[in-house]
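Pasting model.txt here (compact mmCIF, C-alpha atoms):
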```
# COMPACT_ATOMS: atom_id res chain seq x y z
CA MET A 1 8.87 18.81 4.79
CA ALA A 2 8.73 18.43 8.56
CA SER A 3 11.77 18.85 10.69
CA ALA A 4 13.66 15.61 11.18
CA ASN A 5 15.11 16.83 14.45
CA SER A 6 13.49 14.68 17.13
CA ASN A 7 14.43 17.21 19.85
CA ASN A 8 11.80 19.64 18.54
CA ASN A 9 9.40 17.11 17.08
CA SER A 10 6.87 15.54 19.43
CA PHE A 11 5.83 13.12 16.66
CA LYS A 12 9.35 11.67 16.60
CA LYS A 13 9.46 11.46 20.39
CA LEU A 14 6.09 9.70 20.38
CA GLU A 15 7.37 7.27 17.75
CA GLU A 16 10.42 6.45 19.88
CA ILE A 17 8.27 5.88 22.98
CA GLU A 18 5.81 3.69 21.07
CA LYS A 19 8.64 1.70 19.48
CA SER A 20 10.14 0.97 22.90
CA GLN A 21 6.75 -0.13 24.23
CA ALA A 22 5.66 -2.14 21.19
CA PRO A 23 5.81 -5.93 21.50
CA GLN A 24 8.34 -7.79 19.38
CA PRO A 25 7.01 -8.92 16.00
CA SER A 26 5.31 -12.29 16.33
CA PRO A 27 7.42 -15.17 14.89
CA GLN A 28 4.13 -16.88 14.04
CA THR A 29 3.20 -14.02 11.68
CA GLU A 30 6.58 -14.29 9.94
CA LYS A 31 6.13 -18.09 9.64
CA ASN A 32 2.66 -17.66 8.16
CA VAL A 33 3.85 -15.05 5.66
CA MET A 34 6.75 -17.25 4.53
CA GLY A 35 4.39 -20.27 4.28
CA THR A 36 1.97 -18.33 2.11
CA ALA A 37 4.82 -17.08 -0.11
CA ARG A 38 6.11 -20.67 -0.54
CA ASN A 39 2.61 -21.96 -1.42
CA ILE A 40 2.06 -19.21 -3.97
CA GLY A 41 5.50 -19.88 -5.48
CA PHE A 42 4.76 -23.62 -5.70
CA ILE A 43 1.40 -23.03 -7.43
CA GLY A 44 3.12 -20.61 -9.82
CA ASN A 45 5.76 -23.21 -10.70
CA VAL A 46 3.12 -25.89 -11.27
CA LEU A 47 1.16 -23.61 -13.59
CA GLU A 48 4.25 -22.48 -15.49
CA LEU A 49 6.13 -25.77 -15.83
CA TYR A 50 3.54 -28.52 -15.88
CA LEU A 51 0.10 -27.19 -16.69
CA SER A 52 1.07 -25.73 -20.08
CA LYS A 53 2.66 -29.06 -21.07
CA ALA A 54 -0.32 -31.02 -19.82
CA LEU A 55 -2.73 -28.83 -21.81
CA GLY A 56 -0.53 -29.24 -24.92
CA MET A 57 -0.64 -33.01 -24.49
CA ILE A 58 -4.42 -33.04 -24.11
CA SER A 59 -4.70 -30.83 -27.18
CA ALA A 60 -2.43 -33.24 -29.15
CA LEU A 61 -4.54 -36.22 -28.04
CA PHE A 62 -7.59 -34.60 -29.60
CA GLY A 63 -5.76 -33.98 -32.85
CA GLY A 64 -4.66 -30.43 -32.21
CA SER A 65 -1.15 -29.08 -32.39
CA ASP A 66 0.79 -26.79 -30.16
CA LEU A 67 2.75 -25.48 -33.20
CA PRO A 68 1.81 -22.17 -34.86
CA ALA A 69 -0.79 -22.60 -37.68
CA ASP A 70 1.67 -22.20 -40.65
CA GLN A 71 4.17 -24.65 -39.18
CA ALA A 72 1.38 -27.11 -38.37
CA GLU A 73 0.27 -26.92 -42.03
CA ASP A 74 3.82 -27.76 -43.22
CA VAL A 75 4.01 -30.72 -40.87
CA GLU A 76 0.63 -31.92 -42.12
CA ASP A 77 1.86 -31.63 -45.76
CA LEU A 78 4.99 -33.67 -44.98
CA ARG A 79 2.87 -36.32 -43.27
CA ASN A 80 0.73 -36.57 -46.40
CA GLY A 81 3.85 -37.03 -48.55
CA ASN A 82 3.51 -33.66 -50.24
CA PHE A 83 7.08 -32.40 -50.62
CA ASP A 84 6.50 -30.16 -53.67
CA ASN A 85 5.12 -26.98 -52.29
CA ASP A 86 8.17 -25.86 -50.39
CA SER A 87 7.70 -22.13 -50.80
CA THR A 88 10.83 -21.27 -48.93
CA ILE A 89 13.05 -22.14 -51.93
CA GLU A 90 12.99 -19.80 -54.90
CA PRO A 91 13.32 -21.08 -58.52
CA GLY A 92 16.92 -19.88 -58.62
CA GLY A 93 17.73 -22.35 -55.89
CA ARG A 94 18.30 -19.76 -53.22
CA ALA A 95 16.51 -20.00 -49.94
CA ASN A 96 14.56 -16.96 -48.65
CA MET B 1 -4.01 2.54 12.74
CA LEU B 2 -6.16 -0.51 13.47
CA LYS B 3 -5.77 -0.11 17.25
CA ASP B 4 -5.88 -3.89 17.82
CA GLU B 5 -2.80 -6.10 18.01
CA ALA B 6 -4.46 -9.29 16.74
CA LEU B 7 -6.04 -7.42 13.82
CA ALA B 8 -2.69 -5.80 13.05
CA GLN B 9 -0.99 -9.24 12.92
CA ASP B 10 -3.65 -10.61 10.56
CA ALA B 11 -3.36 -7.46 8.47
CA THR B 12 0.44 -7.87 8.30
CA GLN B 13 0.03 -11.36 6.83
CA GLU B 14 -2.50 -10.21 4.27
CA ILE B 15 -0.47 -7.14 3.31
CA PHE B 16 2.72 -9.20 2.77
CA THR B 17 0.75 -11.64 0.61
CA LYS B 18 -0.68 -8.70 -1.36
CA ILE B 19 2.79 -7.23 -1.85
CA PHE B 20 4.15 -10.60 -3.02
CA LEU B 21 1.29 -11.11 -5.49
CA ASN B 22 1.53 -7.56 -6.83
CA LEU B 23 5.32 -7.30 -7.14
CA ALA B 24 5.05 -7.43 -10.94
CA LYS B 25 2.85 -4.32 -10.84
CA PHE B 26 5.54 -2.25 -9.11
CA SER B 27 6.50 0.18 -11.86
CA GLU B 28 9.48 1.90 -10.14
CA ARG B 29 7.78 5.29 -10.62
CA SER B 30 7.91 5.71 -6.84
CA LYS B 31 10.23 4.42 -4.13
CA PHE B 32 9.61 0.80 -3.13
CA SER B 33 8.94 1.93 0.46
CA THR B 34 6.27 4.37 -0.76
CA TRP B 35 4.63 1.59 -2.78
CA VAL B 36 4.60 -0.71 0.26
CA TYR B 37 3.29 2.18 2.37
CA SER B 38 0.45 2.78 -0.07
CA ILE B 39 -0.60 -0.89 -0.10
CA THR B 40 -0.52 -0.93 3.71
CA TYR B 41 -2.36 2.37 4.05
CA ASN B 42 -5.07 1.44 1.53
CA PHE B 43 -5.55 -1.98 3.11
CA CYS B 44 -6.06 -0.40 6.55
CA ILE B 45 -8.37 2.32 5.24
CA ASP B 46 -10.49 -0.22 3.31
CA PHE B 47 -10.65 -2.41 6.39
CA LEU B 48 -11.73 0.50 8.60
CA ARG B 49 -14.27 1.72 6.04
CA LYS B 50 -15.85 -1.74 5.95
CA ARG B 51 -15.98 -1.93 9.74
CA LYS B 52 -17.41 1.46 10.52
CA LYS B 53 -19.46 2.23 7.47
CA SER B 54 -21.02 5.46 8.72
CA LYS B 55 -17.99 7.10 10.30
CA ALA B 56 -15.86 9.45 8.22
CA LEU B 57 -12.14 8.66 8.15
CA PHE B 58 -11.07 12.22 7.29
CA SER B 59 -12.37 15.41 8.85
CA ASP B 60 -13.11 16.81 5.38
CA GLU B 61 -15.51 13.89 4.81
CA MET B 62 -17.58 14.85 7.86
CA GLU B 63 -20.95 16.56 7.62
CA ASN B 64 -19.50 19.72 9.13
CA PRO B 65 -15.83 19.88 8.18
CA PRO B 66 -13.78 22.30 10.29
CA ASP B 67 -13.74 25.86 8.98
CA ILE B 68 -10.25 26.85 7.94
CA VAL B 69 -9.44 30.47 8.63
CA ASP B 70 -5.67 30.42 9.13
CA ASP B 71 -3.08 27.73 8.67
CA VAL B 72 -2.10 26.14 12.00
CA PRO B 73 1.66 26.62 12.42
CA ASP B 74 3.67 23.37 12.41
CA SER B 75 5.29 24.36 15.69
CA GLU B 76 1.95 24.09 17.47
CA LEU B 77 1.84 20.36 16.73
CA LEU B 78 5.57 19.65 16.77
CA GLU B 79 6.07 21.22 20.20
CA MET B 80 2.99 19.70 21.82
CA GLU B 81 3.67 17.57 24.91
CA VAL B 82 4.05 13.94 23.84
CA VAL B 83 1.31 12.62 26.16
CA LYS B 84 -1.12 15.26 24.93
CA LEU B 85 -0.18 14.67 21.30
CA LYS B 86 -0.88 10.96 21.78
CA LYS B 87 -4.31 11.76 23.21
CA VAL B 88 -5.09 14.17 20.37
CA LEU B 89 -4.04 11.59 17.73
CA GLU B 90 -6.33 9.02 19.37
CA LEU B 91 -9.30 11.36 19.11
CA ILE B 92 -9.00 12.74 15.57
CA PRO B 93 -10.31 10.71 12.58
CA THR B 94 -8.01 7.84 11.51
CA GLY B 95 -7.29 9.35 8.08
CA ASP B 96 -6.28 12.66 9.65
CA LYS B 97 -4.00 10.82 12.07
CA ALA B 98 -2.43 8.82 9.23
CA ILE B 99 -1.75 11.90 7.12
CA LEU B 100 -0.19 13.79 10.06
CA LEU B 101 2.01 10.79 10.88
CA MET B 102 3.14 10.54 7.26
CA LYS B 103 4.10 14.23 7.21
CA TYR B 104 5.56 14.81 10.66
CA GLN B 105 6.70 11.34 11.79
CA ASP B 106 7.77 9.70 8.54
CA ASP B 107 8.94 12.98 6.93
CA MET B 108 7.16 12.17 3.67
CA SER B 109 6.90 14.92 1.07
CA ILE B 110 3.53 16.17 -0.21
CA ARG B 111 4.25 14.36 -3.48
CA GLU B 112 4.93 11.06 -1.72
CA ILE B 113 1.74 11.37 0.36
CA ALA B 114 -0.18 12.19 -2.82
CA GLY B 115 1.23 9.00 -4.36
CA VAL B 116 0.19 6.92 -1.36
CA LEU B 117 -3.33 8.35 -1.20
CA ASP B 118 -3.70 8.57 -4.98
CA LYS B 119 -4.77 12.21 -4.74
CA SER B 120 -3.47 15.49 -6.19
CA GLU B 121 -0.85 17.46 -4.29
CA SER B 122 -3.28 20.34 -3.71
CA ALA B 123 -5.86 17.92 -2.28
CA ILE B 124 -3.21 16.59 0.09
CA LYS B 125 -2.26 20.12 1.19
CA MET B 126 -5.93 20.75 1.98
CA LYS B 127 -6.25 17.44 3.86
CA ILE B 128 -3.17 18.29 5.94
CA LYS B 129 -4.57 21.74 6.68
CA ARG B 130 -7.89 20.27 7.81
CA ALA B 131 -6.16 17.55 9.85
CA LYS B 132 -4.05 20.20 11.63
CA HIS B 133 -7.17 22.23 12.37
CA LYS B 134 -8.97 19.17 13.66
CA ALA B 135 -6.00 18.33 15.90
CA GLN B 136 -5.88 21.90 17.19
CA ASN B 137 -9.63 21.91 17.94
CA VAL B 138 -9.44 18.56 19.75
CA TYR B 139 -6.45 19.83 21.74
CA ARG B 140 -8.35 22.97 22.76
CA ASP B 141 -11.41 20.90 23.70
CA ILE B 142 -9.60 18.43 25.94
CA PHE B 143 -6.93 20.75 27.36
CA PRO B 144 -8.77 24.09 27.58
CA THR B 145 -6.38 25.53 30.14
CA ASN B 146 -3.29 24.85 27.99
CA LEU B 147 -4.04 27.06 25.02
CA ASN B 148 -0.90 27.98 23.14
```

Now, as a test, write the supplied structure out as structure tokens.
Amino acid sequence: MASANSNNNSFKKLEEIEKSQAPQPSPQTEKNVMGTARNIGFIGNVLELYLSKALGMISALFGGSDLPADQAEDVEDLRNGNFDNDSTIEPGGRAN
Amino acid sequence: MLKDEALAQDATQEIFTKIFLNLAKFSERSKFSTWVYSITYNFCIDFLRKRKKSKALFSDEMENPPDIVDDVPDSELLEMEVVKLKKVLELIPTGDKAILLMKYQDDMSIREIAGVLDKSESAIKMKIKRAKHKAQNVYRDIFPTNLN
């Protein structure tokens, strides 16, 4: 590793000189970066909160279901008035 | 690295956006600052490669890379006059300049530089060696009366 002592290190001296001569960071750049971050965050929120719900609704409109396949089957059975094939209750009366 | 203030400002915006979008990919295997450094370095190198397609960014990518006989002692670079060092850094390939700045200005270890450049530690040692040789040759070319 290089010596951190700036007294013997011309690279460090050069850095200090360039830092003192460098213009201040542009506030416009900071504004643009923050604006971009806000926009990306907003799009992320829209995708996460609304788009998944909207897609679920469209799917439901076309007869689909956003429930897992086995649960959707149970719901379909209940809708059809079929209450007999409840496999979650054993003959002894104890639930799984 | 880009040698243009307007380009550097545009690059800053794009790099911050890149960092923001890739935050989930930060795996904490390296320091956060090293990760940011590597995104910044790779962005600048890609940008420069696109701009000057034919020019090599490291001296070991040149048609005639410098012959390495002996290792240049660190003191030769570290004790160079600041004005002359600045001139030398302007004249060596951008990649060589970047790697020397990482080692001697930012005090990064070989391992950290290897992480930034996505290269093996031995490859980095060779790149540093070549960069030091290149800097020494440029120094001797432009300041022939000041040989150390």

Please identify all residues of chain A having at least one atom at most 10 Å from any atom of chain B, considering all atoms listed in the file, and return them as a PDB file with C-alpha atoms, in the coordinates of the input.
```pdb
ATOM      1  CA  MET A   1       8.870  18.810   4.790  1.00  0.00           C
ATOM      2  CA  ALA A   2       8.730  18.430   8.560  1.00  0.00           C
ATOM      3  CA  SER A   3      11.770  18.850  10.690  1.00  0.00           C
ATOM      4  CA  ALA A   4      13.660  15.610  11.180  1.00  0.00           C
ATOM      5  CA  SER A   6      13.490  14.680  17.130  1.00  0.00           C
ATOM      6  CA  ASN A   7      14.430  17.210  19.850  1.00  0.00           C
ATOM      7  CA  ASN A   8      11.800  19.640  18.540  1.00  0.00           C
ATOM      8  CA  ASN A   9       9.400  17.110  17.080  1.00  0.00           C
ATOM      9  CA  SER A  10       6.870  15.540  19.430  1.00  0.00           C
ATOM     10  CA  PHE A  11       5.830  13.120  16.660  1.00  0.00           C
ATOM     11  CA  LYS A  12       9.350  11.670  16.600  1.00  0.00           C
ATOM     12  CA  LYS A  13       9.460  11.460  20.390  1.00  0.00           C
ATOM     13  CA  LEU A  14       6.090   9.700  20.380  1.00  0.00           C
ATOM     14  CA  GLU A  15       7.370   7.270  17.750  1.00  0.00           C
ATOM     15  CA  ILE A  17       8.270   5.880  22.980  1.00  0.00           C
ATOM     16  CA  GLU A  18       5.810   3.690  21.070  1.00  0.00           C
ATOM     17  CA  ALA A  22       5.660  -2.140  21.190  1.00  0.00           C
ATOM     18  CA  PRO A  23       5.810  -5.930  21.500  1.00  0.00           C
ATOM     19  CA  PRO A  25       7.010  -8.920  16.000  1.00  0.00           C
ATOM     20  CA  SER A  26       5.310 -12.290  16.330  1.00  0.00           C
ATOM     21  CA  GLN A  28       4.130 -16.880  14.040  1.00  0.00           C
ATOM     22  CA  THR A  29       3.200 -14.020  11.680  1.00  0.00           C
ATOM     23  CA  GLU A  30       6.580 -14.290   9.940  1.00  0.00           C
ATOM     24  CA  LYS A  31       6.130 -18.090   9.640  1.00  0.00           C
ATOM     25  CA  ASN A  32       2.660 -17.660   8.160  1.00  0.00           C
ATOM     26  CA  VAL A  33       3.850 -15.050   5.660  1.00  0.00           C
ATOM     27  CA  MET A  34       6.750 -17.250   4.530  1.00  0.00           C
ATOM     28  CA  THR A  36       1.970 -18.330   2.110  1.00  0.00           C
ATOM     29  CA  ALA A  37       4.820 -17.080  -0.110  1.00  0.00           C
ATOM     30  CA  ILE A  40       2.060 -19.210  -3.970  1.00  0.00           C
ATOM     31  CA  GLY A  41       5.500 -19.880  -5.480  1.00  0.00           C
TER      32      GLY A  41
END
```

> What is the atom CA of Lys53 of chain A to atom CA of Arg79 of chain A distance in Å?
Replying inline: 23.4 Å

>> Rounded to one decimal, what separation in Å do you get between atom CA of Gln136 of chain B and atom CA of Ala8 of chain B?
In response: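 Atom-to-atom, atom CA of Gln136 of chain B and atom CA of Ala8 of chain B are spaced 28.2 Å apart.
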
>> Quick check, in Å to one decimal: how far apart do atom CA of Pro73 of chain B and atom CA of Arg130 of chain B lie?
In response: 12.4 Å

>> Taking 5 positions as the minimum chain separation for residues in the same chain, which residues sit within 12 Å of Ala123 of chain B when counting all atoms listed in the file? Answer as a ChimeraX atom specification.
In response: /B:60,99,110-111,113-115,117-118,128-130

> Can you tell me, as a list in words, what residues are no more than 8 Å from segment 38-45 of chain B when counting all atoms listed in the file, ignoring any on the same chain fewer than 3 positions away?
Replying inline: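 Everything that qualifies: Met1, Leu2, Ala11, Ile15, Lys18, Ile19, Thr34, Trp35, Leu48, Arg49, Leu57, Gly95, Gly115, Val116 and Leu117 of chain B.
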
>> Given only C-alpha atoms as the basis, pick out the residue of B:Glu76, B:Lys50, B:Lys125, B:Asp4 nearest to Asn137 of chain B.
In response: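 Of B:Glu76, B:Lys50, B:Lys125, B:Asp4, the one nearest Asn137 of chain B, counting only C-alpha atoms, is B:Glu76.
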
>> Please determine, counting all atoms listed in the file, which residue among B:Ala24, B:Glu112, B:Lys134, B:Lys119 has the shortest atom-to-atom distance to Glu90 of chain B.
In response: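 Between B:Ala24, B:Glu112, B:Lys134, B:Lys119, the residue approaching Glu90 of chain B most closely is B:Lys134.
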
>> Measuring between all atoms listed in the file, which one of B:Ala135, B:Val36, B:Ile142, B:Leu23 shows the shortest distance to Leu89 of chain B?
In response: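 Of B:Ala135, B:Val36, B:Ile142, B:Leu23, the one nearest Leu89 of chain B is B:Ala135, counting all atoms listed in the file.
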